[in-house]
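Printed here is protein-v2.txt (compact mmCIF, N, CA and C atoms):
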# COMPACT_ATOMS: atom_id res chain seq x y z
N MET A 1 16.76 -9.76 5.05
CA MET A 1 16.83 -11.14 5.49
C MET A 1 16.88 -12.03 4.26
N ASN A 2 17.66 -13.06 4.32
CA ASN A 2 17.78 -13.95 3.17
C ASN A 2 16.71 -15.04 3.22
N ASN A 3 16.76 -15.94 2.26
CA ASN A 3 15.75 -16.99 2.17
C ASN A 3 16.06 -18.19 3.06
N ALA A 4 17.09 -18.12 3.86
CA ALA A 4 17.43 -19.22 4.76
C ALA A 4 16.31 -19.40 5.78
N ALA A 5 16.16 -20.63 6.22
CA ALA A 5 15.12 -20.92 7.21
C ALA A 5 15.40 -20.14 8.49
N VAL A 6 14.33 -19.70 9.13
CA VAL A 6 14.43 -18.96 10.38
C VAL A 6 14.42 -19.96 11.52
N ASN A 7 15.22 -19.70 12.53
CA ASN A 7 15.23 -20.56 13.72
C ASN A 7 13.96 -20.28 14.52
N ILE A 8 12.95 -21.14 14.34
CA ILE A 8 11.67 -20.89 14.99
C ILE A 8 11.72 -21.12 16.50
N LYS A 9 12.81 -21.68 16.98
CA LYS A 9 12.95 -21.87 18.43
C LYS A 9 13.49 -20.62 19.11
N ASN A 10 13.89 -19.65 18.31
CA ASN A 10 14.40 -18.40 18.85
C ASN A 10 13.32 -17.34 18.63
N PRO A 11 12.52 -17.03 19.67
CA PRO A 11 11.40 -16.10 19.50
C PRO A 11 11.80 -14.75 18.93
N SER A 12 12.95 -14.24 19.32
CA SER A 12 13.39 -12.94 18.83
C SER A 12 13.65 -12.98 17.33
N GLU A 13 14.32 -14.02 16.87
CA GLU A 13 14.62 -14.17 15.45
C GLU A 13 13.33 -14.38 14.65
N LEU A 14 12.43 -15.18 15.17
CA LEU A 14 11.17 -15.44 14.50
C LEU A 14 10.34 -14.16 14.37
N ARG A 15 10.26 -13.40 15.46
CA ARG A 15 9.50 -12.15 15.46
C ARG A 15 10.09 -11.16 14.44
N LYS A 16 11.42 -11.04 14.42
CA LYS A 16 12.09 -10.12 13.50
C LYS A 16 11.81 -10.53 12.05
N ALA A 17 11.92 -11.81 11.75
CA ALA A 17 11.67 -12.29 10.39
C ALA A 17 10.21 -12.05 10.01
N GLY A 18 9.29 -12.29 10.93
CA GLY A 18 7.88 -12.07 10.66
C GLY A 18 7.56 -10.63 10.34
N ILE A 19 8.12 -9.72 11.12
CA ILE A 19 7.90 -8.28 10.88
C ILE A 19 8.47 -7.88 9.52
N GLU A 20 9.64 -8.38 9.20
CA GLU A 20 10.25 -8.04 7.91
C GLU A 20 9.40 -8.56 6.75
N ILE A 21 8.89 -9.77 6.88
CA ILE A 21 8.07 -10.36 5.81
C ILE A 21 6.75 -9.59 5.66
N LEU A 22 6.10 -9.32 6.79
CA LEU A 22 4.85 -8.57 6.75
C LEU A 22 5.05 -7.20 6.11
N SER A 23 6.11 -6.53 6.50
CA SER A 23 6.40 -5.20 5.97
C SER A 23 6.66 -5.26 4.48
N ARG A 24 7.43 -6.23 4.05
CA ARG A 24 7.76 -6.37 2.63
C ARG A 24 6.52 -6.69 1.81
N GLU A 25 5.69 -7.60 2.29
CA GLU A 25 4.55 -8.08 1.51
C GLU A 25 3.32 -7.18 1.61
N LEU A 26 3.12 -6.54 2.76
CA LEU A 26 1.92 -5.74 2.97
C LEU A 26 2.17 -4.24 2.98
N GLY A 27 3.42 -3.84 3.04
CA GLY A 27 3.76 -2.43 3.21
C GLY A 27 3.62 -2.07 4.68
N ALA A 28 4.12 -0.90 5.04
CA ALA A 28 4.13 -0.50 6.45
C ALA A 28 2.72 -0.41 7.04
N LEU A 29 1.82 0.23 6.33
CA LEU A 29 0.46 0.39 6.84
C LEU A 29 -0.26 -0.95 6.95
N GLY A 30 -0.13 -1.78 5.92
CA GLY A 30 -0.75 -3.10 5.95
C GLY A 30 -0.23 -3.94 7.11
N MET A 31 1.07 -3.85 7.36
CA MET A 31 1.66 -4.59 8.47
C MET A 31 1.05 -4.14 9.79
N VAL A 32 0.95 -2.84 9.98
CA VAL A 32 0.40 -2.32 11.24
C VAL A 32 -1.06 -2.74 11.40
N LEU A 33 -1.84 -2.61 10.34
CA LEU A 33 -3.25 -2.99 10.41
C LEU A 33 -3.39 -4.48 10.71
N PHE A 34 -2.56 -5.29 10.11
CA PHE A 34 -2.59 -6.73 10.37
C PHE A 34 -2.25 -7.02 11.82
N LEU A 35 -1.21 -6.42 12.33
CA LEU A 35 -0.78 -6.68 13.71
C LEU A 35 -1.81 -6.20 14.73
N HIS A 36 -2.55 -5.17 14.40
CA HIS A 36 -3.58 -4.67 15.33
C HIS A 36 -4.70 -5.68 15.56
N GLN A 37 -4.83 -6.62 14.65
CA GLN A 37 -5.86 -7.66 14.82
C GLN A 37 -5.53 -8.61 15.96
N PHE A 38 -4.29 -8.61 16.41
CA PHE A 38 -3.85 -9.58 17.39
C PHE A 38 -3.41 -8.96 18.70
N GLU A 39 -3.97 -7.81 19.03
CA GLU A 39 -3.61 -7.18 20.30
C GLU A 39 -4.11 -8.03 21.45
N ASN A 40 -3.48 -7.92 22.59
CA ASN A 40 -3.81 -8.75 23.74
C ASN A 40 -5.16 -8.43 24.36
N GLY A 41 -5.58 -7.20 24.27
CA GLY A 41 -6.84 -6.82 24.90
C GLY A 41 -6.67 -6.71 26.41
N TYR A 42 -7.79 -6.65 27.10
CA TYR A 42 -7.73 -6.50 28.55
C TYR A 42 -9.01 -7.04 29.15
N GLY A 43 -9.04 -7.16 30.44
CA GLY A 43 -10.23 -7.61 31.14
C GLY A 43 -10.36 -9.13 31.15
N ASP A 44 -11.48 -9.58 31.69
CA ASP A 44 -11.78 -11.00 31.77
C ASP A 44 -13.04 -11.25 30.98
N TYR A 45 -12.89 -11.64 29.71
CA TYR A 45 -14.02 -11.80 28.82
C TYR A 45 -15.04 -12.80 29.37
N THR A 46 -14.56 -13.90 29.92
CA THR A 46 -15.47 -14.94 30.41
C THR A 46 -16.34 -14.41 31.54
N LYS A 47 -15.75 -13.69 32.48
CA LYS A 47 -16.52 -13.14 33.59
C LYS A 47 -17.50 -12.08 33.09
N GLU A 48 -17.03 -11.21 32.21
CA GLU A 48 -17.91 -10.17 31.69
C GLU A 48 -19.08 -10.77 30.92
N ARG A 49 -18.81 -11.79 30.11
CA ARG A 49 -19.88 -12.45 29.36
C ARG A 49 -20.89 -13.08 30.31
N ASP A 50 -20.40 -13.77 31.35
CA ASP A 50 -21.29 -14.39 32.32
C ASP A 50 -22.13 -13.34 33.05
N ASP A 51 -21.53 -12.21 33.39
CA ASP A 51 -22.26 -11.13 34.06
C ASP A 51 -23.37 -10.57 33.15
N ILE A 52 -23.03 -10.36 31.89
CA ILE A 52 -23.98 -9.76 30.94
C ILE A 52 -25.13 -10.73 30.64
N LEU A 53 -24.81 -12.00 30.51
CA LEU A 53 -25.82 -12.98 30.09
C LEU A 53 -26.50 -13.71 31.24
N SER A 54 -26.16 -13.39 32.47
CA SER A 54 -26.66 -14.16 33.61
C SER A 54 -28.17 -14.13 33.75
N ASP A 55 -28.84 -13.06 33.32
CA ASP A 55 -30.29 -12.95 33.48
C ASP A 55 -31.07 -13.34 32.23
N ILE A 56 -30.39 -13.76 31.19
CA ILE A 56 -31.07 -14.11 29.94
C ILE A 56 -31.45 -15.59 29.97
N THR A 57 -32.70 -15.85 29.61
CA THR A 57 -33.19 -17.23 29.60
C THR A 57 -33.34 -17.73 28.16
N ILE A 58 -33.55 -19.02 28.02
CA ILE A 58 -33.81 -19.59 26.70
C ILE A 58 -35.06 -18.95 26.10
N SER A 59 -36.04 -18.71 26.93
CA SER A 59 -37.28 -18.07 26.47
C SER A 59 -36.99 -16.68 25.89
N ASP A 60 -36.11 -15.92 26.54
CA ASP A 60 -35.72 -14.60 26.03
C ASP A 60 -35.09 -14.72 24.64
N ILE A 61 -34.25 -15.72 24.47
CA ILE A 61 -33.58 -15.92 23.19
C ILE A 61 -34.59 -16.31 22.12
N GLU A 62 -35.50 -17.23 22.48
CA GLU A 62 -36.55 -17.63 21.52
C GLU A 62 -37.40 -16.44 21.10
N LYS A 63 -37.78 -15.60 22.05
CA LYS A 63 -38.57 -14.42 21.73
C LYS A 63 -37.80 -13.49 20.79
N ALA A 64 -36.51 -13.30 21.06
CA ALA A 64 -35.70 -12.42 20.21
C ALA A 64 -35.56 -12.99 18.80
N LEU A 65 -35.44 -14.30 18.69
CA LEU A 65 -35.30 -14.92 17.37
C LEU A 65 -36.61 -14.85 16.57
N ASN A 66 -37.70 -14.88 17.26
CA ASN A 66 -39.00 -14.85 16.59
C ASN A 66 -39.57 -13.45 16.44
N TYR A 67 -38.84 -12.43 16.88
CA TYR A 67 -39.31 -11.05 16.83
C TYR A 67 -39.51 -10.60 15.39
N LYS A 68 -40.68 -10.02 15.13
CA LYS A 68 -40.96 -9.46 13.81
C LYS A 68 -41.51 -8.06 13.99
N GLU A 69 -41.00 -7.14 13.21
CA GLU A 69 -41.46 -5.75 13.30
C GLU A 69 -42.79 -5.57 12.61

Structure encoded using structure tokens:
Amino acid sequence: MNNAAVNIKNPSELRKAGIEILSRELGALGMVLFLHQFENGYGDYTKERDDILSDITISDIEKALNYKE
């Protein structure tokens, strides 16, 4: 790819240029490791968080913060 500006309104062109730049600058492994940071994931984080934290009170948090072994 040359140094010409990439058409950022064309998602396909932008994605291709990004992959080429990442690969050139980070190497193949670095590119893959970088891209893995942005995977979509799965599930409903908000619902899961609410389910996990639904029984925790402010008092529980205060006790945990003040815990000393």

**Item:** Atomic distance atom C of Gly18 of chain A - atom CA of Gly43 of chain A, expressed in Å with one decimal
**Value:**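 About the pair atom C of Gly18 of chain A and atom CA of Gly43 of chain A: they are 27.5 Å apart.
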
**Request:** May I have all residues of chain A that DSSP, computed from the backbone, assigns to helix (DSSP H, G or I), given as an NGL selection string?
**Result:** :A and (11-36 or 45-53 or 58-65)

**Message:** Using Å and a single decimal, report how far atom CA of Ser59 of chain A sits from atom CA of Asp44 of chain A.
**Reply:**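 Rounded to one decimal, the two atoms are 27.0 Å apart.
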